[in-house]
>>> print(open('target18.cif').read())   # mmCIF, C-alpha atoms and all ligand atoms
data_query
loop_
_atom_site.group_PDB
_atom_site.id
_atom_site.type_symbol
_atom_site.label_atom_id
_atom_site.label_comp_id
_atom_site.auth_asym_id
_atom_site.auth_seq_id
_atom_site.Cartn_x
_atom_site.Cartn_y
_atom_site.Cartn_z
ATOM 1 C CA ASP V 28 136.025 72.920 60.186
ATOM 2 C CA ILE V 29 138.890 75.359 60.135
ATOM 3 C CA GLU V 30 139.153 78.121 62.700
ATOM 4 C CA ILE V 31 139.754 81.606 61.338
ATOM 5 C CA PRO V 32 140.486 84.214 64.027
ATOM 6 C CA GLU V 33 138.124 87.177 63.580
ATOM 7 C CA SER V 34 141.046 89.514 64.177
ATOM 8 C CA HIS V 35 142.695 88.312 60.972
ATOM 9 C CA PRO V 36 142.868 91.284 58.570
ATOM 10 C CA ARG V 37 141.473 89.148 55.763
ATOM 11 C CA TYR V 38 138.886 87.372 57.898
ATOM 12 C CA GLU V 39 135.920 87.839 55.579
ATOM 13 C CA SER V 40 137.869 86.798 52.521
ATOM 14 C CA LEU V 41 139.197 83.657 54.229
ATOM 15 C CA LEU V 42 135.754 82.746 55.521
ATOM 16 C CA THR V 43 134.333 83.163 52.015
ATOM 17 C CA ARG V 44 136.991 80.898 50.525
ATOM 18 C CA HIS V 45 136.325 78.327 53.176
ATOM 19 C CA ARG V 46 132.601 78.337 52.435
ATOM 20 C CA ILE V 47 133.205 77.891 48.708
ATOM 21 C CA GLU V 48 135.609 75.015 49.386
ATOM 22 C CA ALA V 49 133.054 73.380 51.664
ATOM 23 C CA GLY V 50 130.460 73.900 48.925
ATOM 24 C CA VAL V 51 132.607 71.964 46.467
ATOM 25 C CA GLU V 52 133.100 69.168 49.024
ATOM 26 C CA LYS V 53 129.343 69.007 49.620
ATOM 27 C CA GLY V 54 128.651 68.778 45.903
ATOM 28 C CA ILE V 55 126.771 72.080 45.682
ATOM 29 C CA THR V 56 129.447 74.246 44.065
ATOM 30 C CA SER V 57 131.128 73.349 40.766
ATOM 31 C CA GLN V 58 134.869 73.518 40.142
ATOM 32 C CA GLN V 59 134.071 76.380 37.757
ATOM 33 C CA GLY V 60 132.569 78.106 40.762
ATOM 34 C CA LEU V 61 136.011 78.261 42.360
ATOM 35 C CA ILE V 62 137.315 80.182 39.370
ATOM 36 C CA ALA V 63 134.336 82.536 39.404
ATOM 37 C CA GLN V 64 134.985 83.244 43.093
ATOM 38 C CA GLY V 65 138.616 84.059 42.308
ATOM 39 C CA ARG V 66 137.553 86.558 39.659
ATOM 40 C CA GLY V 67 135.143 88.155 42.072
ATOM 41 C CA GLU V 68 137.702 88.451 44.862
ATOM 42 C CA ALA V 69 140.102 90.366 42.670
ATOM 43 C CA TYR V 70 137.464 93.044 42.077
ATOM 44 C CA ASP V 71 136.463 93.060 45.730
ATOM 45 C CA TYR V 72 140.078 93.686 46.746
ATOM 46 C CA LEU V 73 140.177 96.724 44.447
ATOM 47 C CA LEU V 74 136.853 97.970 45.847
ATOM 48 C CA GLY V 75 138.380 97.910 49.328
ATOM 49 C CA GLU V 76 136.136 94.971 50.318
ATOM 50 C CA GLU V 77 133.361 97.354 51.234
ATOM 51 C CA THR V 78 129.912 98.288 50.001
ATOM 52 C CA ILE V 79 130.350 101.516 48.066
ATOM 53 C CA ASP V 80 127.549 104.109 48.240
ATOM 54 C CA THR V 81 126.194 103.368 44.770
ATOM 55 C CA ALA V 82 126.037 99.640 45.612
ATOM 56 C CA ASP V 83 123.981 100.489 48.669
ATOM 57 C CA GLU V 84 121.660 102.612 46.498
ATOM 58 C CA ALA V 85 121.389 99.723 44.044
ATOM 59 C CA ALA V 86 120.541 97.355 46.896
ATOM 60 C CA ARG V 87 117.785 99.744 47.979
ATOM 61 C CA ALA V 88 116.405 99.933 44.429
ATOM 62 C CA ALA V 89 116.535 96.126 44.250
ATOM 63 C CA ALA V 90 114.579 95.888 47.512
ATOM 64 C CA ALA V 91 111.943 98.267 46.128
ATOM 65 C CA HIS V 92 111.642 96.193 42.914
ATOM 66 C CA LEU V 93 111.242 92.987 44.934
ATOM 67 C CA LEU V 94 108.504 94.575 47.059
ATOM 68 C CA LEU V 95 106.691 95.970 43.987
ATOM 69 C CA ALA V 96 106.851 92.690 42.041
ATOM 70 C CA ASP V 97 103.805 90.590 41.186
ATOM 71 C CA HIS V 98 106.063 87.558 41.322
ATOM 72 C CA ALA V 99 109.689 87.857 42.378
ATOM 73 C CA VAL V 100 112.140 84.951 42.210
ATOM 74 C CA LEU V 101 115.611 84.669 43.742
ATOM 75 C CA SER V 102 117.752 82.538 41.461
ATOM 76 C CA VAL V 103 120.298 80.439 43.363
ATOM 77 C CA ASN V 104 123.413 78.838 41.864
ATOM 78 C CA GLY V 105 126.164 76.790 43.490
ATOM 79 C CA ASN V 106 128.211 79.783 44.631
ATOM 80 C CA ALA V 107 125.232 81.657 46.066
ATOM 81 C CA ALA V 108 124.084 78.510 47.885
ATOM 82 C CA ALA V 109 127.530 77.954 49.395
ATOM 83 C CA LEU V 110 128.048 81.569 50.439
ATOM 84 C CA VAL V 111 124.668 82.895 51.612
ATOM 85 C CA PRO V 112 122.026 80.150 51.955
ATOM 86 C CA GLY V 113 120.401 81.428 55.157
ATOM 87 C CA GLU V 114 120.672 85.047 54.025
ATOM 88 C CA LEU V 115 118.818 84.237 50.781
ATOM 89 C CA VAL V 116 116.047 82.521 52.721
ATOM 90 C CA GLU V 117 115.735 85.633 54.916
ATOM 91 C CA LEU V 118 115.547 87.874 51.846
ATOM 92 C CA ALA V 119 112.831 85.658 50.381
ATOM 93 C CA GLU V 120 110.874 85.933 53.630
ATOM 94 C CA ALA V 121 111.300 89.703 53.837
ATOM 95 C CA THR V 122 110.036 90.257 50.277
ATOM 96 C CA GLY V 123 107.674 87.354 49.583
ATOM 97 C CA ALA V 124 109.938 86.125 46.778
ATOM 98 C CA ASP V 125 110.259 82.506 45.671
ATOM 99 C CA VAL V 126 113.602 80.706 45.662
ATOM 100 C CA GLU V 127 114.653 78.747 42.564
ATOM 101 C CA VAL V 128 117.778 76.695 41.974
ATOM 102 C CA ASN V 129 119.151 77.656 38.586
ATOM 103 C CA LEU V 130 122.489 76.264 37.413
ATOM 104 C CA PHE V 131 124.773 77.024 34.496
ATOM 105 C CA ASN V 132 126.198 73.503 34.651
ATOM 106 C CA ARG V 133 123.016 71.680 35.511
ATOM 107 C CA THR V 134 123.140 68.153 36.923
ATOM 108 C CA GLU V 135 120.305 66.503 38.834
ATOM 109 C CA GLU V 136 122.688 65.668 41.707
ATOM 110 C CA ARG V 137 123.740 69.273 42.154
ATOM 111 C CA MET V 138 120.169 70.559 41.793
ATOM 112 C CA GLU V 139 119.055 68.188 44.566
ATOM 113 C CA ALA V 140 122.037 68.917 46.809
ATOM 114 C CA ILE V 141 121.440 72.680 46.575
ATOM 115 C CA ALA V 142 117.699 72.355 47.194
ATOM 116 C CA GLU V 143 118.440 70.225 50.259
ATOM 117 C CA HIS V 144 121.083 72.698 51.479
ATOM 118 C CA LEU V 145 118.551 75.549 51.177
ATOM 119 C CA ARG V 146 115.934 73.517 53.065
ATOM 120 C CA GLU V 147 118.507 72.919 55.829
ATOM 121 C CA HIS V 148 118.753 76.721 56.022
ATOM 122 C CA GLY V 149 115.022 77.195 56.406
ATOM 123 C CA ALA V 150 113.673 77.319 52.844
ATOM 124 C CA GLU V 151 110.190 75.829 52.599
ATOM 125 C CA ASP V 152 109.517 75.583 48.882
ATOM 126 C CA VAL V 153 112.471 75.339 46.568
ATOM 127 C CA LEU V 154 111.710 75.666 42.847
ATOM 128 C CA GLY V 155 113.853 74.642 39.878
ATOM 129 C CA LEU V 156 113.580 70.877 39.986
ATOM 130 C CA GLU V 157 110.674 70.630 37.541
ATOM 131 C CA ALA V 158 112.420 72.451 34.715
ATOM 132 C CA ASP V 159 109.241 72.581 32.650
ATOM 133 C CA GLY V 160 109.924 76.066 31.267
ATOM 134 C CA ARG V 161 112.528 77.395 28.816
ATOM 135 C CA ILE V 162 114.387 80.670 28.354
ATOM 136 C CA PRO V 163 114.203 81.445 24.605
ATOM 137 C CA GLY V 164 117.523 81.795 22.793
ATOM 138 C CA LEU V 165 119.619 79.438 24.921
ATOM 139 C CA ASP V 166 120.639 75.865 24.216
ATOM 140 C CA HIS V 167 118.689 73.081 25.903
ATOM 141 C CA GLU V 168 120.423 72.574 29.280
ATOM 142 C CA ARG V 169 121.114 76.272 29.855
ATOM 143 C CA ALA V 170 117.525 77.205 29.024
ATOM 144 C CA LYS V 171 115.792 75.157 31.719
ATOM 145 C CA VAL V 172 113.722 76.966 34.373
ATOM 146 C CA ASP V 173 110.476 76.281 36.222
ATOM 147 C CA ALA V 174 107.435 77.520 34.294
ATOM 148 C CA ASP V 175 105.776 78.690 37.501
ATOM 149 C CA GLY V 176 109.081 80.101 38.858
ATOM 150 C CA ILE V 177 111.537 82.173 36.798
ATOM 151 C CA GLY V 178 109.372 81.439 33.744
ATOM 152 C CA ASP V 179 106.479 83.331 35.303
ATOM 153 C CA ALA V 180 108.421 85.959 37.292
ATOM 154 C CA ASP V 181 108.353 89.678 36.509
ATOM 155 C CA VAL V 182 111.345 90.390 38.773
ATOM 156 C CA VAL V 183 114.359 88.082 39.113
ATOM 157 C CA LEU V 184 117.393 88.453 41.376
ATOM 158 C CA VAL V 185 120.318 86.712 39.710
ATOM 159 C CA PRO V 186 123.516 86.732 41.732
ATOM 160 C CA LEU V 187 126.655 85.868 39.768
ATOM 161 C CA GLU V 188 124.741 84.909 36.642
ATOM 162 C CA ASP V 189 126.509 83.940 33.453
ATOM 163 C CA GLY V 190 126.417 86.759 30.894
ATOM 164 C CA ASP V 191 124.509 84.822 28.219
ATOM 165 C CA ARG V 192 121.693 83.846 30.506
ATOM 166 C CA ALA V 193 121.511 87.326 32.002
ATOM 167 C CA GLU V 194 121.041 88.719 28.478
ATOM 168 C CA ALA V 195 118.423 86.100 27.598
ATOM 169 C CA LEU V 196 116.426 86.834 30.767
ATOM 170 C CA ALA V 197 116.567 90.565 30.077
ATOM 171 C CA ALA V 198 115.377 89.888 26.504
ATOM 172 C CA MET V 199 112.299 88.179 28.004
ATOM 173 C CA GLY V 200 111.408 91.556 29.483
ATOM 174 C CA LYS V 201 112.078 90.625 33.075
ATOM 175 C CA THR V 202 113.293 93.177 35.572
ATOM 176 C CA GLU V 203 116.706 91.809 36.346
ATOM 177 C CA LEU V 204 118.548 92.504 39.578
ATOM 178 C CA VAL V 205 122.166 91.346 39.325
ATOM 179 C CA ILE V 206 124.807 90.999 42.022
ATOM 180 C CA ASP V 207 128.229 90.942 40.387
ATOM 181 C CA LEU V 208 131.550 92.380 41.535
ATOM 182 C CA ASN V 209 132.629 93.066 37.959
ATOM 183 C CA PRO V 210 130.860 96.157 36.607
ATOM 184 C CA LEU V 211 132.113 95.280 33.098
ATOM 185 C CA SER V 212 130.578 91.805 33.179
ATOM 186 C CA ARG V 213 127.774 91.350 30.666
ATOM 187 C CA SER V 214 125.530 90.329 33.562
ATOM 188 C CA ALA V 215 126.057 93.668 35.295
ATOM 189 C CA GLN V 216 125.824 95.533 31.988
ATOM 190 C CA THR V 217 122.433 94.039 31.081
ATOM 191 C CA ALA V 218 120.869 94.369 34.535
ATOM 192 C CA THR V 219 118.000 96.714 35.339
ATOM 193 C CA VAL V 220 119.745 97.072 38.706
ATOM 194 C CA PRO V 221 123.431 96.102 38.836
ATOM 195 C CA ILE V 222 124.631 95.691 42.421
ATOM 196 C CA VAL V 223 128.420 95.781 42.262
ATOM 197 C CA ASP V 224 129.203 94.244 45.622
ATOM 198 C CA ASN V 225 130.192 90.937 47.176
ATOM 199 C CA ILE V 226 127.149 88.678 47.478
ATOM 200 C CA ILE V 227 128.179 88.144 51.115
ATOM 201 C CA ARG V 228 127.441 91.816 51.829
ATOM 202 C CA ALA V 229 124.829 92.508 49.155
ATOM 203 C CA VAL V 230 122.141 90.013 50.158
ATOM 204 C CA PRO V 231 121.911 91.165 53.818
ATOM 205 C CA THR V 232 121.968 94.791 52.592
ATOM 206 C CA ILE V 233 118.973 94.194 50.286
ATOM 207 C CA THR V 234 117.139 92.472 53.152
ATOM 208 C CA ALA V 235 117.791 95.383 55.524
ATOM 209 C CA HIS V 236 116.387 97.823 52.940
ATOM 210 C CA ALA V 237 113.377 95.584 52.295
ATOM 211 C CA ARG V 238 112.576 95.483 56.001
ATOM 212 C CA GLU V 239 112.934 99.216 56.270
ATOM 213 C CA LEU V 240 110.633 99.718 53.239
ATOM 214 C CA GLN V 241 108.099 97.121 54.329
ATOM 215 C CA ASP V 242 105.320 99.660 54.940
ATOM 216 C CA ALA V 243 106.266 102.073 52.163
ATOM 217 C CA SER V 244 103.565 103.029 49.660
ATOM 218 C CA ARG V 245 103.714 101.989 45.986
ATOM 219 C CA ASP V 246 104.407 105.619 45.124
ATOM 220 C CA GLU V 247 107.371 105.751 47.442
ATOM 221 C CA LEU V 248 108.752 102.435 46.130
ATOM 222 C CA GLU V 249 108.280 103.557 42.525
ATOM 223 C CA GLY V 250 110.074 106.777 43.357
ATOM 224 C CA ILE V 251 113.065 104.707 44.482
ATOM 225 C CA THR V 252 113.117 102.431 41.421
ATOM 226 C CA ASP V 253 112.592 105.340 38.979
ATOM 227 C CA SER V 254 115.343 107.510 40.411
ATOM 228 C CA PHE V 255 117.961 104.740 40.415
ATOM 229 C CA ASP V 256 120.545 105.490 37.705
ATOM 230 C CA ARG V 257 122.131 102.241 36.502
ATOM 231 C CA GLU V 258 124.673 103.945 34.221
ATOM 232 C CA ALA V 259 125.882 106.166 37.049
ATOM 233 C CA ALA V 260 126.121 103.189 39.406
ATOM 234 C CA LEU V 261 128.173 101.164 36.905
ATOM 235 C CA ALA V 262 130.452 104.142 36.222
ATOM 236 C CA ALA V 263 130.967 104.815 39.938
ATOM 237 C CA ALA V 264 131.890 101.181 40.555
ATOM 238 C CA GLU V 265 134.326 101.182 37.671
ATOM 239 C CA ASP V 266 135.887 104.423 38.972
ATOM 240 C CA ALA V 267 136.262 102.937 42.445
ATOM 241 C CA ILE V 268 137.969 99.852 41.006
ATOM 242 C CA ARG V 269 140.261 101.905 38.794
ATOM 243 C CA GLY V 270 141.462 103.865 41.821
ATOM 244 C CA GLY V 271 139.026 106.719 42.079
ATOM 245 C CA ARG V 272 138.384 105.971 45.706
ATOM 246 C CA LEU V 273 141.997 106.810 46.573
ATOM 247 C CA ASP V 274 141.563 110.511 45.813
HETATM 248 P P1 LIG V 301 130.730 87.753 31.366
HETATM 249 O O1 LIG V 301 129.621 88.195 32.245
HETATM 250 O O2 LIG V 301 131.653 88.898 31.050
HETATM 251 O O3 LIG V 301 130.232 87.013 30.201
HETATM 252 P P2 LIG V 301 131.120 85.428 32.952
HETATM 253 O O4 LIG V 301 129.864 85.722 33.645
HETATM 254 O O5 LIG V 301 131.176 84.296 32.024
HETATM 255 O O6 LIG V 301 131.620 86.732 32.205
HETATM 256 P P3 LIG V 301 132.257 84.201 35.268
HETATM 257 O O7 LIG V 301 133.636 84.148 35.779
HETATM 258 O O8 LIG V 301 131.554 82.953 34.921
HETATM 259 O O9 LIG V 301 132.254 85.216 34.039
HETATM 260 O O10 LIG V 301 131.298 84.969 36.241
HETATM 261 C C1 LIG V 301 131.530 85.089 37.548
HETATM 262 C C2 LIG V 301 131.147 86.501 37.894
HETATM 263 O O11 LIG V 301 130.727 86.492 39.239
HETATM 264 C C3 LIG V 301 132.322 87.447 37.766
HETATM 265 O O12 LIG V 301 131.913 88.615 37.096
HETATM 266 C C4 LIG V 301 132.698 87.745 39.222
HETATM 267 O O13 LIG V 301 133.124 89.073 39.390
HETATM 268 C C5 LIG V 301 131.387 87.523 39.952
HETATM 269 N N1 LIG V 301 131.560 87.042 41.333
HETATM 270 C C6 LIG V 301 132.252 85.954 41.761
HETATM 271 N N2 LIG V 301 132.176 85.809 43.095
HETATM 272 C C7 LIG V 301 131.389 86.804 43.542
HETATM 273 C C8 LIG V 301 130.921 87.188 44.841
HETATM 274 N N3 LIG V 301 131.270 86.522 45.930
HETATM 275 N N4 LIG V 301 130.113 88.267 44.908
HETATM 276 C C9 LIG V 301 129.769 88.961 43.802
HETATM 277 N N5 LIG V 301 130.187 88.662 42.561
HETATM 278 C C10 LIG V 301 130.994 87.604 42.421
HETATM 279 MG MG MG V 302 129.213 87.615 34.153
#
>>> encode(input="target18.cif", output="structure tokens")
Amino acid sequence: DIEIPESHPRYESLLTRHRIEAGVEKGITSQQGLIAQGRGEAYDYLLGEETIDTADEAARAAAAHLLLADHAVLSVNGNAAALVPGELVELAEATGADVEVNLFNRTEERMEAIAEHLREHGAEDVLGLEADGRIPGLDHERAKVDADGIGDADVVLVPLEDGDRAEALAAMGKTELVIDLNPLSRSAQTATVPIVDNIIRAVPTITAHARELQDASRDELEGITDSFDREAALAAAEDAIRGGRLD
């Protein structure tokens, strides 16, 4: 393990890179995942590496959706597993959501390695290995999900999802909560709730809101989901990235 001094001005960014690298070494993150991380970091740099107000509001709306769901599923890919495995397990516990491994470049080895990694971080049941369900409109490998997991879910959290699959899930009528640092990404654009923030910050933020809303009534939760304005949140994130936050 490398030692990164916490005083380093780019501590969080270096730690993130290290986790992704370790994920590749462990066989849970794909080489493509390294490129995706690089794209994300560029946007995070422009956002000031902080959770902007509209991202916090989106995280709160996402928490309310997860608490209102009949069946919520957190979709986990190789980057999410490398960066926030324990944090995803905590979010699942705080909201009663299931956890499902769901890969763009699916191989049985990587599916197994990620499921095992999540179990090491406290996950009890990890879905995704049965792959007995399909997302309509996608080619065979990309379409695979668990019938009793994402296939059955009414609310799905998809961090860093590929644009095509995000669109196909939305077309199935699912409430889609997306974490993506690029507000122009098709994933963010098709989301019911786009959370434009680093997954490292976003997942603990959703969990904190879920805990705070634990005893809220359905009316109160519905008030939060109904008043969330996705267009305004996407526009605010784009403004921040384009330099609006400097004025
Ligand atoms: P499109 O959605 O426009 O079709 P894509 O989804 O194919 O593009 P990728 O590079 O595969 O593009 O997707 C990676 C996405 O994940 C990027 O939009 C990037 O901003 C985002 N991303 C990468 N790392 C993180 C992170 N740590 N936190 C949040 N988002 C991230
Ligand atoms: Mg995308």
>>> residues_around(input="target18.cif", residues="Asp253 in chain V", least_positions_apart="6", cutoff="12 Å", atoms="all atoms listed in the file", output="list in words")
Ala85, Arg87, Ala88, Ala89, Ala91, His92, Thr219, Val220, Arg245, Asp246 and Glu247 of chain V
>>> write_last_selection(input="target18.cif", atoms="C-alpha atoms", output="tab-separated table (two decimals), keeping the file's coordinate frame")
chain	number	residue	atom	x	y	z
V	85	ALA	CA	121.39	99.72	44.04
V	87	ARG	CA	117.78	99.74	47.98
V	88	ALA	CA	116.40	99.93	44.43
V	89	ALA	CA	116.54	96.13	44.25
V	91	ALA	CA	111.94	98.27	46.13
V	92	HIS	CA	111.64	96.19	42.91
V	219	THR	CA	118.00	96.71	35.34
V	220	VAL	CA	119.74	97.07	38.71
V	245	ARG	CA	103.71	101.99	45.99
V	246	ASP	CA	104.41	105.62	45.12
V	247	GLU	CA	107.37	105.75	47.44
>>> residues_near_ligand(input="target18.cif", ligand="ligand MG 302 (chain V)", cutoff="12 Å", atoms="all atoms listed in the file", output="PyMOL selection string")
chain V and resi 63-64+66-67+131+185-194+205-218+221+223
>>> resolve_selection(input="target18.cif", expression="the PyMOL selection byres (((chain V and resi 168) around 12) and not hetatm)", output="list in words")
Asn129, Leu130, Phe131, Asn132, Arg133, Thr134, Glu135, Ala158, Asp159, Gly160, Arg161, Ile162, Pro163, Gly164, Leu165, Asp166, His167, Arg169, Ala170, Lys171, Val172 and Arg192 of chain V
>>> residues_around(input="target18.cif", residues="Ile233 in chain V", least_positions_apart="3", cutoff="10 Å", atoms="only C-alpha atoms", output="list of chain:residue names")
V:Asp83, V:Glu84, V:Ala85, V:Ala86, V:Arg87, V:Ala88, V:Ala89, V:Ala90, V:Ala91, V:Leu93, V:Leu115, V:Leu118, V:Ala121, V:Thr122, V:Ile222, V:Arg228, V:Ala229, V:Val230, V:His236, V:Ala237, V:Arg238, V:Glu239
>>> closest_residue(input="target18.cif", among="V:Ala195, V:Leu61, V:Ile55, V:Ala109", to="Ala140 in chain V", atoms="only C-alpha atoms")
V:Ile55
>>> closest_residue(input="target18.cif", among="V:Glu136, V:Glu77, V:Asp125, V:Glu249", to="Gly105 in chain V", atoms="only C-alpha atoms")
V:Glu136
>>> closest_residue(input="target18.cif", among="V:Leu94, V:Val116, V:Ile47, V:Val182", to="Asp152 in chain V", atoms="all atoms listed in the file")
V:Val116
>>> atom_distance(input="target18.cif", atom1="CA of Ser244 in chain V", atom2="CA of Thr81 in chain V")
23.2 Å
>>> axis_aligned_box(input="target18.cif", around="range 85-101 of chain V", padding_each_side="6 Å", output="AutoDock Vina command-line options")
--center_x 112.6 --center_y 92.3 --center_z 44.6 --size_x 29.6 --size_y 27.3 --size_z 18.8
>>> decode(input="target18.cif", residues="range 221-273 of chain V", atoms="C-alpha atoms", output="PDB file, in the first residue's frame")
ATOM      1  CA  PRO V 221     -29.040  13.091 -11.711  1.00  0.00           C
ATOM      2  CA  ILE V 222     -26.499  13.502  -8.912  1.00  0.00           C
ATOM      3  CA  VAL V 223     -23.581  15.390 -10.432  1.00  0.00           C
ATOM      4  CA  ASP V 224     -20.941  14.604  -7.847  1.00  0.00           C
ATOM      5  CA  ASN V 225     -18.022  12.268  -7.253  1.00  0.00           C
ATOM      6  CA  ILE V 226     -19.289   8.846  -6.186  1.00  0.00           C
ATOM      7  CA  ILE V 227     -16.807   9.071  -3.294  1.00  0.00           C
ATOM      8  CA  ARG V 228     -18.811  11.972  -1.842  1.00  0.00           C
ATOM      9  CA  ALA V 229     -22.254  11.179  -3.247  1.00  0.00           C
ATOM     10  CA  VAL V 230     -22.857   7.759  -1.697  1.00  0.00           C
ATOM     11  CA  PRO V 231     -22.147   8.858   1.917  1.00  0.00           C
ATOM     12  CA  THR V 232     -24.251  11.993   1.287  1.00  0.00           C
ATOM     13  CA  ILE V 233     -27.262   9.908   0.177  1.00  0.00           C
ATOM     14  CA  THR V 234     -26.814   7.677   3.237  1.00  0.00           C
ATOM     15  CA  ALA V 235     -26.714  10.668   5.597  1.00  0.00           C
ATOM     16  CA  HIS V 236     -29.965  11.990   4.083  1.00  0.00           C
ATOM     17  CA  ALA V 237     -31.584   8.550   4.271  1.00  0.00           C
ATOM     18  CA  ARG V 238     -30.734   8.280   7.957  1.00  0.00           C
ATOM     19  CA  GLU V 239     -32.065  11.736   8.608  1.00  0.00           C
ATOM     20  CA  LEU V 240     -35.311  10.905   6.735  1.00  0.00           C
ATOM     21  CA  GLN V 241     -35.710   7.475   8.293  1.00  0.00           C
ATOM     22  CA  ASP V 242     -38.860   8.399  10.234  1.00  0.00           C
ATOM     23  CA  ALA V 243     -40.298  10.813   7.679  1.00  0.00           C
ATOM     24  CA  SER V 244     -43.867  10.218   6.503  1.00  0.00           C
ATOM     25  CA  ARG V 245     -44.698   9.177   2.921  1.00  0.00           C
ATOM     26  CA  ASP V 246     -46.155  12.642   2.394  1.00  0.00           C
ATOM     27  CA  GLU V 247     -42.950  14.306   3.460  1.00  0.00           C
ATOM     28  CA  LEU V 248     -40.830  11.993   1.274  1.00  0.00           C
ATOM     29  CA  GLU V 249     -43.126  12.552  -1.709  1.00  0.00           C
ATOM     30  CA  GLY V 250     -42.857  16.278  -1.139  1.00  0.00           C
ATOM     31  CA  ILE V 251     -39.080  15.961  -1.495  1.00  0.00           C
ATOM     32  CA  THR V 252     -39.179  13.826  -4.654  1.00  0.00           C
ATOM     33  CA  ASP V 253     -41.889  15.988  -6.292  1.00  0.00           C
ATOM     34  CA  SER V 254     -40.139  19.286  -5.672  1.00  0.00           C
ATOM     35  CA  PHE V 255     -36.772  18.117  -7.021  1.00  0.00           C
ATOM     36  CA  ASP V 256     -36.111  19.865 -10.352  1.00  0.00           C
ATOM     37  CA  ARG V 257     -33.816  17.715 -12.504  1.00  0.00           C
ATOM     38  CA  GLU V 258     -33.463  20.302 -15.288  1.00  0.00           C
ATOM     39  CA  ALA V 259     -32.423  22.981 -12.812  1.00  0.00           C
ATOM     40  CA  ALA V 260     -29.942  20.619 -11.157  1.00  0.00           C
ATOM     41  CA  LEU V 261     -28.344  19.693 -14.497  1.00  0.00           C
ATOM     42  CA  ALA V 262     -28.167  23.356 -15.534  1.00  0.00           C
ATOM     43  CA  ALA V 263     -26.620  24.397 -12.208  1.00  0.00           C
ATOM     44  CA  ALA V 264     -23.968  21.690 -12.499  1.00  0.00           C
ATOM     45  CA  GLU V 265     -23.148  22.702 -16.042  1.00  0.00           C
ATOM     46  CA  ASP V 266     -22.892  26.361 -14.953  1.00  0.00           C
ATOM     47  CA  ALA V 267     -20.557  25.429 -12.109  1.00  0.00           C
ATOM     48  CA  ILE V 268     -18.332  23.468 -14.498  1.00  0.00           C
ATOM     49  CA  ARG V 269     -18.312  26.244 -17.077  1.00  0.00           C
ATOM     50  CA  GLY V 270     -17.080  28.702 -14.453  1.00  0.00           C
ATOM     51  CA  GLY V 271     -20.239  30.047 -12.916  1.00  0.00           C
ATOM     52  CA  ARG V 272     -18.995  29.282  -9.453  1.00  0.00           C
ATOM     53  CA  LEU V 273     -16.163  31.798  -9.857  1.00  0.00           C
TER      54      LEU V 273
END
